[in-house]
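The next block holds one structure in the form of structure tokens; read it before the comments.
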Amino acid sequence: MKAVSFSQHGSLDVLEYGDVPDPVLGPGEVLLRIEAAACNFNDIWARQGLPRVTLPLPHVSGTDAAGVVVAIGEGVTGVAVGDQVITYPVRACRRCNACLAGEEVFCKGLKIWGFQTGPFDGSFAEYAKVQVEQVLPKPAHLTWEEAAATTTSLLSVWRMLVTRAQVQPGDQVLIWGASGGTGSFAIQLAKEIGAVPIAVTSSEAKAEWCSKMGATHVLRSDCQDIQAEVARLTDRRGVDVVFDHVGEPVWYTSVECLRWGGKIVICGATEGFEAKIDLRYLWNKQLSFLGSHIGTRKEWVQAMKLVEARRIHPPVTEIFDLPGAIEAQRRMENRQLMGKLAIRIGS
Ligand SMILES: NC(=O)c1ccc[n+]([C@@H]2O[C@H](COP(=O)([O-])OP(=O)(O)OC[C@H]3O[C@@H](n4cnc5c(N)ncnc54)[C@H](OP(=O)(O)O)[C@@H]3O)[C@@H](O)[C@H]2O)c1
Ligand SMILES: [Zn+2]
């Protein structure tokens, strides 16, 4: 089958479009003909390589997909050939206490599909196999590309805002990197909860996009003092929640922007892992720092109800063909995107 793959970590030129081995279906798995995939920043991490993380090579990236079931493995029930489905990115053992309790994010066998799985096991390909627990019916009102773009970002945002930070109506939520995939869903979900999304982004065009997504206020990290603007917007009180995936350079400002008793929820660190803090803030302001990673299948089902109800819409802004996944990664790496980039694979 055709796929975009790489055999060694490195810059964009390690990516190749060409033939790779077809997936071999195992028990409990379903084989999908991928109609569309969507890009996530972990495609960049996988290709570049991460310190102290070993990923299977050769690698096909792609953690989000929508497609048609073309074969089912031994023991699969509830899914049939011909079903149109979307994918959930968590592979897990499905047998340990965490999995049985519906907390597969704590399974020792957790692997994010298309990031930690392989070799040759992601959605930037014509076919892929996933566990049967990783599929749900495709929402009928979405295009293939929109369907593919619903999962990883929305699921992660749901866990961050609903499960971890427990955002309440009226809460002011400062959202860093607000124009990207995670940020665009965070604006929409915060708004849906009845909170007040304060988006932080880096250009005029992206600011307009954040407003379109529903941000109540939009701040510009390229030309504004974010701490001063947050003080002004909150009447010097500070925000209830900071939503972060940028990391090191924004951490100090995040802490400064929080109200007493406020929370930072973080799922990534695109710009660096080594944040510093004056520990006095932690106890004096009685802050909470909450880590969040991907999400459970139950959270995915809950989040998808808002998509089905058309309360949240996958923000696909551009569609590439399969070889174009390389250009899509270039755009993402250079911060030249808004919302979600999708890859059209089927005819
Ligand atoms: N642990 C998890 O479960 C989980 C889940 C989802 C994502 N993540 C992490 O969250 C981060 C964002 O992922 P994503 O898929 O939303 O990516 P994305 O769609 O590319 O969005 C990232 C946004 O962050 C901002 N940004 C700030 N510094 C950047 C830099 N140096 N390079 C690129 N963008 C930068 C940009 O927005 P502005 O220009 O508006 O500032 C950009 O659009 C990644 O680190 C990813 O690994 C983690
Ligand atoms: Zn498990």
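Chain identifiers are assigned as A, B, and so on, following the order in which chains appear in the structure tokens; residues are numbered from 1 within each chain, and ligands are numbered from 1 in order of appearance.
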
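Restricting the atom set to only C-alpha atoms and all ligand atoms, one finds that the residues within 6 Å of ligand 1 amount to Asn40, Phe41, Asn42, Ser153, Ser156, Gly177, Ala178, Ser179, Gly180, Gly181, Thr182, Thr201, Ser202, His245, Val246, Cys267, Gly268, Ala269, Thr270, Glu271, His293, Ile294, Met332, Glu333, Arg335 and Leu337 of chain A.
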
* Selection as a PyMOL selection string: residues within 7 Å of ligand 2 by only C-alpha atoms and all ligand atoms -> chain A and resi 92-99+104+107-110

* Would you please extract all strand (DSSP E or B) residues from stretch 161-266 of chain A, as assigned by DSSP on the backbone, and give them as a VMD selection string? => chain A and resid 172 to 175 196 to 201 217 to 220 239 to 244 258 to 266

Sorted per-residue table, stretch 233-337 of chain A near stretch 3-11 of chain A, closest atoms and distance, 8 Å, only C-alpha atoms, as CSV:
residue,atom,partner,partner_atom,distance
A:Leu322,CA,A:Val4,CA,7.2
A:Pro323,CA,A:Val4,CA,6.7
A:Ala325,CA,A:Val4,CA,7.2
A:Ile326,CA,A:Val4,CA,7.7

Written file, previous selection with N, CA, C and O atoms, as a PDB file, in the first residue's frame:
ATOM      1  N   LEU A 322      -2.368  12.467  -0.016  1.00  0.00           N
ATOM      2  CA  LEU A 322      -1.460  11.694   0.854  1.00  0.00           C
ATOM      3  C   LEU A 322       0.009  12.137   0.718  1.00  0.00           C
ATOM      4  O   LEU A 322       0.652  12.386   1.748  1.00  0.00           O
ATOM      5  N   PRO A 323       0.543  12.294  -0.491  1.00  0.00           N
ATOM      6  CA  PRO A 323       1.924  12.812  -0.547  1.00  0.00           C
ATOM      7  C   PRO A 323       2.045  14.200   0.095  1.00  0.00           C
ATOM      8  O   PRO A 323       3.096  14.575   0.604  1.00  0.00           O
ATOM      9  N   ALA A 325       0.984  15.115   2.807  1.00  0.00           N
ATOM     10  CA  ALA A 325       1.170  15.057   4.267  1.00  0.00           C
ATOM     11  C   ALA A 325       2.542  15.627   4.655  1.00  0.00           C
ATOM     12  O   ALA A 325       2.725  16.144   5.762  1.00  0.00           O
ATOM     13  N   ILE A 326       3.480  15.561   3.716  1.00  0.00           N
ATOM     14  CA  ILE A 326       4.824  16.102   4.002  1.00  0.00           C
ATOM     15  C   ILE A 326       4.747  17.640   4.084  1.00  0.00           C
ATOM     16  O   ILE A 326       5.270  18.250   5.013  1.00  0.00           O
TER      17      ILE A 326
END

* Asked: In Å to one decimal, how far is atom CA of A:Met160 from atom CA of A:Gly291?
  -> 8.1 Å

* Asked: Which neighbours of A:Leu136 fall inside 7 Å, counting only C-alpha atoms, when residues of the same chain fewer than 3 positions from it are skipped, and could you give them as a PyMOL selection string?
  -> chain A and resi 85-87

* To do: Mind checking which residues fall within 9 Å of A:Thr54, counting only C-alpha atoms, ignoring those fewer than 4 positions away in the same chain, and posting them as a PyMOL selection string?
  => chain A and resi 49-50+116

Would you output that residue set with N, CA and C atoms, as a short mmCIF file (atom, residue, chain, number, x, y, z; two decimals), in the first residue's frame?
data_model
loop_
_atom_site.label_atom_id
_atom_site.label_comp_id
_atom_site.auth_asym_id
_atom_site.auth_seq_id
_atom_site.Cartn_x
_atom_site.Cartn_y
_atom_site.Cartn_z
N GLY A 49 11.98 12.71 16.66
CA GLY A 49 12.53 11.91 17.76
C GLY A 49 12.54 12.74 19.02
N LEU A 50 12.33 12.06 20.15
CA LEU A 50 12.27 12.75 21.45
C LEU A 50 13.30 12.15 22.39
N GLN A 116 3.28 5.88 18.94
CA GLN A 116 4.13 4.88 19.62
C GLN A 116 4.00 3.49 19.02
#

* To do: Would you kindly return, as a ChimeraX atom specification, each protein, DNA or RNA residue with an atom no farther than 9 Å from any atom of stretch 296-302 of chain A, considering only C-alpha atoms and excluding same-chain residues fewer than 5 positions away?
  => /A:88,90,102-105,133-134,136,151-152,154-156,158-159,163

Would you save the residues of that selection, restricted to N, CA, C and O atoms, as a PDB file, in the first residue's frame?
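The new file part37.pdb reads:
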ATOM      1  N   TYR A  88     -10.209   6.129  17.644  1.00  0.00           N
ATOM      2  CA  TYR A  88      -9.775   6.611  18.973  1.00  0.00           C
ATOM      3  C   TYR A  88      -8.293   6.223  19.089  1.00  0.00           C
ATOM      4  O   TYR A  88      -7.927   5.079  18.802  1.00  0.00           O
ATOM      5  N   VAL A  90      -6.069   5.500  21.322  1.00  0.00           N
ATOM      6  CA  VAL A  90      -5.388   4.751  22.392  1.00  0.00           C
ATOM      7  C   VAL A  90      -5.449   3.239  22.150  1.00  0.00           C
ATOM      8  O   VAL A  90      -6.520   2.643  22.150  1.00  0.00           O
ATOM      9  N   GLY A 102     -12.076   1.468  32.878  1.00  0.00           N
ATOM     10  CA  GLY A 102     -12.336   2.542  31.909  1.00  0.00           C
ATOM     11  C   GLY A 102     -11.305   3.653  31.984  1.00  0.00           C
ATOM     12  O   GLY A 102     -11.538   4.756  31.523  1.00  0.00           O
ATOM     13  N   GLU A 103     -10.146   3.354  32.595  1.00  0.00           N
ATOM     14  CA  GLU A 103      -9.074   4.350  32.737  1.00  0.00           C
ATOM     15  C   GLU A 103      -7.865   3.895  31.926  1.00  0.00           C
ATOM     16  O   GLU A 103      -6.751   3.801  32.446  1.00  0.00           O
ATOM     17  N   GLU A 104      -8.076   3.582  30.646  1.00  0.00           N
ATOM     18  CA  GLU A 104      -6.991   3.031  29.833  1.00  0.00           C
ATOM     19  C   GLU A 104      -5.807   3.982  29.682  1.00  0.00           C
ATOM     20  O   GLU A 104      -4.729   3.566  29.295  1.00  0.00           O
ATOM     21  N   VAL A 105      -6.020   5.276  30.048  1.00  0.00           N
ATOM     22  CA  VAL A 105      -4.891   6.217  30.010  1.00  0.00           C
ATOM     23  C   VAL A 105      -3.828   5.852  31.050  1.00  0.00           C
ATOM     24  O   VAL A 105      -2.703   6.353  30.993  1.00  0.00           O
ATOM     25  N   GLU A 133     -11.872  -1.724  19.910  1.00  0.00           N
ATOM     26  CA  GLU A 133     -12.256  -0.694  20.895  1.00  0.00           C
ATOM     27  C   GLU A 133     -11.889   0.707  20.407  1.00  0.00           C
ATOM     28  O   GLU A 133     -12.285   1.709  21.009  1.00  0.00           O
ATOM     29  N   GLN A 134     -11.121   0.784  19.332  1.00  0.00           N
ATOM     30  CA  GLN A 134     -10.680   2.095  18.840  1.00  0.00           C
ATOM     31  C   GLN A 134     -11.609   2.676  17.771  1.00  0.00           C
ATOM     32  O   GLN A 134     -11.244   3.696  17.167  1.00  0.00           O
ATOM     33  N   LEU A 136     -15.558   4.057  16.464  1.00  0.00           N
ATOM     34  CA  LEU A 136     -16.947   4.487  16.703  1.00  0.00           C
ATOM     35  C   LEU A 136     -17.547   4.818  15.337  1.00  0.00           C
ATOM     36  O   LEU A 136     -16.798   5.165  14.409  1.00  0.00           O
ATOM     37  N   THR A 151     -10.842  13.605  16.517  1.00  0.00           N
ATOM     38  CA  THR A 151     -10.546  12.802  17.691  1.00  0.00           C
ATOM     39  C   THR A 151      -9.473  13.315  18.630  1.00  0.00           C
ATOM     40  O   THR A 151      -9.763  13.777  19.717  1.00  0.00           O
ATOM     41  N   THR A 152      -8.197  13.214  18.251  1.00  0.00           N
ATOM     42  CA  THR A 152      -7.125  13.388  19.240  1.00  0.00           C
ATOM     43  C   THR A 152      -7.179  14.762  19.919  1.00  0.00           C
ATOM     44  O   THR A 152      -7.107  14.854  21.151  1.00  0.00           O
ATOM     45  N   LEU A 154      -9.738  16.963  20.174  1.00  0.00           N
ATOM     46  CA  LEU A 154     -10.946  17.163  20.979  1.00  0.00           C
ATOM     47  C   LEU A 154     -10.921  16.305  22.244  1.00  0.00           C
ATOM     48  O   LEU A 154     -11.250  16.771  23.335  1.00  0.00           O
ATOM     49  N   LEU A 155     -10.514  15.061  22.084  1.00  0.00           N
ATOM     50  CA  LEU A 155     -10.436  14.156  23.234  1.00  0.00           C
ATOM     51  C   LEU A 155      -9.494  14.710  24.304  1.00  0.00           C
ATOM     52  O   LEU A 155      -9.824  14.744  25.506  1.00  0.00           O
ATOM     53  N   SER A 156      -8.329  15.175  23.876  1.00  0.00           N
ATOM     54  CA  SER A 156      -7.346  15.702  24.827  1.00  0.00           C
ATOM     55  C   SER A 156      -7.880  16.958  25.522  1.00  0.00           C
ATOM     56  O   SER A 156      -7.712  17.143  26.730  1.00  0.00           O
ATOM     57  N   TRP A 158     -11.005  17.731  25.968  1.00  0.00           N
ATOM     58  CA  TRP A 158     -12.095  17.335  26.890  1.00  0.00           C
ATOM     59  C   TRP A 158     -11.512  16.912  28.231  1.00  0.00           C
ATOM     60  O   TRP A 158     -11.954  17.370  29.300  1.00  0.00           O
ATOM     61  N   ARG A 159     -10.512  16.049  28.170  1.00  0.00           N
ATOM     62  CA  ARG A 159      -9.927  15.588  29.438  1.00  0.00           C
ATOM     63  C   ARG A 159      -9.328  16.768  30.214  1.00  0.00           C
ATOM     64  O   ARG A 159      -9.473  16.858  31.435  1.00  0.00           O
ATOM     65  N   THR A 163     -12.444  16.942  32.718  1.00  0.00           N
ATOM     66  CA  THR A 163     -12.066  15.977  33.752  1.00  0.00           C
ATOM     67  C   THR A 163     -11.017  16.541  34.706  1.00  0.00           C
ATOM     68  O   THR A 163     -11.152  16.425  35.922  1.00  0.00           O
TER      69      THR A 163
END

Could you find all residues in stretch 46-292 of chain A that DSSP calls helix (DSSP H, G or I) from the backbone, and write them as a short mmCIF file (atom, residue, chain, number, x, y, z; two decimals) with C-alpha atoms, in the first residue's frame?
data_model
loop_
_atom_site.label_atom_id
_atom_site.label_comp_id
_atom_site.auth_asym_id
_atom_site.auth_seq_id
_atom_site.Cartn_x
_atom_site.Cartn_y
_atom_site.Cartn_z
CA ALA A 46 7.68 11.16 16.11
CA ARG A 47 9.60 12.21 13.03
CA GLN A 48 12.09 14.42 14.91
CA ASN A 97 -7.39 -3.09 36.23
CA ALA A 98 -6.99 0.37 34.69
CA CYS A 99 -8.46 -0.76 31.37
CA LEU A 100 -11.31 -2.64 33.04
CA GLU A 104 -6.99 3.03 29.83
CA VAL A 105 -4.89 6.22 30.01
CA PHE A 106 -3.20 4.54 33.01
CA VAL A 132 -12.03 -2.87 17.75
CA GLU A 133 -12.26 -0.69 20.89
CA GLN A 134 -10.68 2.09 18.84
CA TRP A 144 -14.44 12.31 5.84
CA GLU A 145 -11.85 15.00 6.57
CA GLU A 146 -13.88 16.57 9.36
CA ALA A 147 -14.58 13.15 10.83
CA ALA A 148 -10.86 12.33 10.84
CA THR A 151 -10.55 12.80 17.69
CA THR A 152 -7.13 13.39 19.24
CA SER A 153 -7.35 17.14 19.75
CA LEU A 154 -10.95 17.16 20.98
CA LEU A 155 -10.44 14.16 23.23
CA SER A 156 -7.35 15.70 24.83
CA VAL A 157 -9.10 19.04 25.28
CA TRP A 158 -12.10 17.33 26.89
CA ARG A 159 -9.93 15.59 29.44
CA MET A 160 -8.03 18.81 30.17
CA LEU A 161 -11.00 21.12 30.63
CA VAL A 162 -13.77 18.81 31.85
CA THR A 163 -12.07 15.98 33.75
CA ARG A 164 -8.86 17.57 35.01
CA GLY A 181 -5.83 22.13 16.53
CA THR A 182 -5.87 21.73 20.29
CA GLY A 183 -6.45 25.45 20.84
CA SER A 184 -9.37 25.70 18.38
CA PHE A 185 -11.20 22.86 20.11
CA ALA A 186 -10.37 24.35 23.53
CA ILE A 187 -12.00 27.65 22.57
CA GLN A 188 -15.12 25.83 21.34
CA LEU A 189 -15.40 23.55 24.38
CA ALA A 190 -14.78 26.32 26.93
CA LYS A 191 -17.51 28.35 25.24
CA GLU A 192 -19.85 25.36 25.22
CA ILE A 193 -19.32 24.88 28.97
CA GLU A 204 -3.82 39.25 13.12
CA ALA A 205 -5.19 36.49 10.85
CA LYS A 206 -4.99 33.93 13.65
CA ALA A 207 -6.70 36.37 16.02
CA GLU A 208 -9.63 36.60 13.59
CA TRP A 209 -9.74 32.79 13.46
CA CYS A 210 -9.85 32.55 17.27
CA SER A 211 -12.76 35.00 17.36
CA LYS A 212 -14.54 32.87 14.76
CA MET A 213 -14.01 29.81 16.98
CA ILE A 226 -0.09 39.04 28.04
CA GLN A 227 0.21 39.42 31.80
CA ALA A 228 -0.82 43.09 31.66
CA GLU A 229 -3.73 42.31 29.33
CA VAL A 230 -4.98 39.50 31.58
CA ALA A 231 -4.77 41.82 34.60
CA ARG A 232 -6.81 44.38 32.68
CA LEU A 233 -9.42 41.87 31.46
CA GLU A 248 8.69 26.57 28.95
CA PRO A 249 8.53 30.18 27.66
CA VAL A 250 4.92 30.78 28.75
CA TRP A 251 5.01 28.97 32.09
CA TYR A 252 6.08 31.93 34.23
CA THR A 253 3.46 34.18 32.64
CA SER A 254 0.83 31.47 33.16
CA VAL A 255 1.59 31.37 36.88
CA GLU A 256 1.46 35.17 37.05
CA CYS A 257 -1.89 35.23 35.22
CA LEU A 279 7.70 27.94 44.62
CA ARG A 280 6.25 30.65 46.86
CA TYR A 281 3.56 31.21 44.23
CA LEU A 282 2.49 27.59 44.53
CA TRP A 283 1.66 27.72 48.21
CA ASN A 284 0.80 31.37 48.74
#

* **Selected residue, from A:Arg237, A:Lys129, A:Lys340, A:Lys263, that lies nearest to A:Ala165 when counting only C-alpha atoms** => A:Lys263

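Among the candidates A:Leu287, A:Leu306, A:Val30, A:Val70, the residue lying nearest to A:Val242 is A:Leu287 (atoms considered: only C-alpha atoms).
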
* **Pick from A:Gly194, A:Pro51, A:Pro23, A:Pro89 nearest to A:Asp121, counting only C-alpha atoms** =>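 Checking each of A:Gly194, A:Pro51, A:Pro23, A:Pro89 against A:Asp121, counting only C-alpha atoms, the winner is A:Pro23.
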
* Among the residues A:Arg52, A:Gln131, A:Asp43, A:Leu258, the one that comes closest to A:Glu74 [using only C-alpha atoms] -> A:Gln131
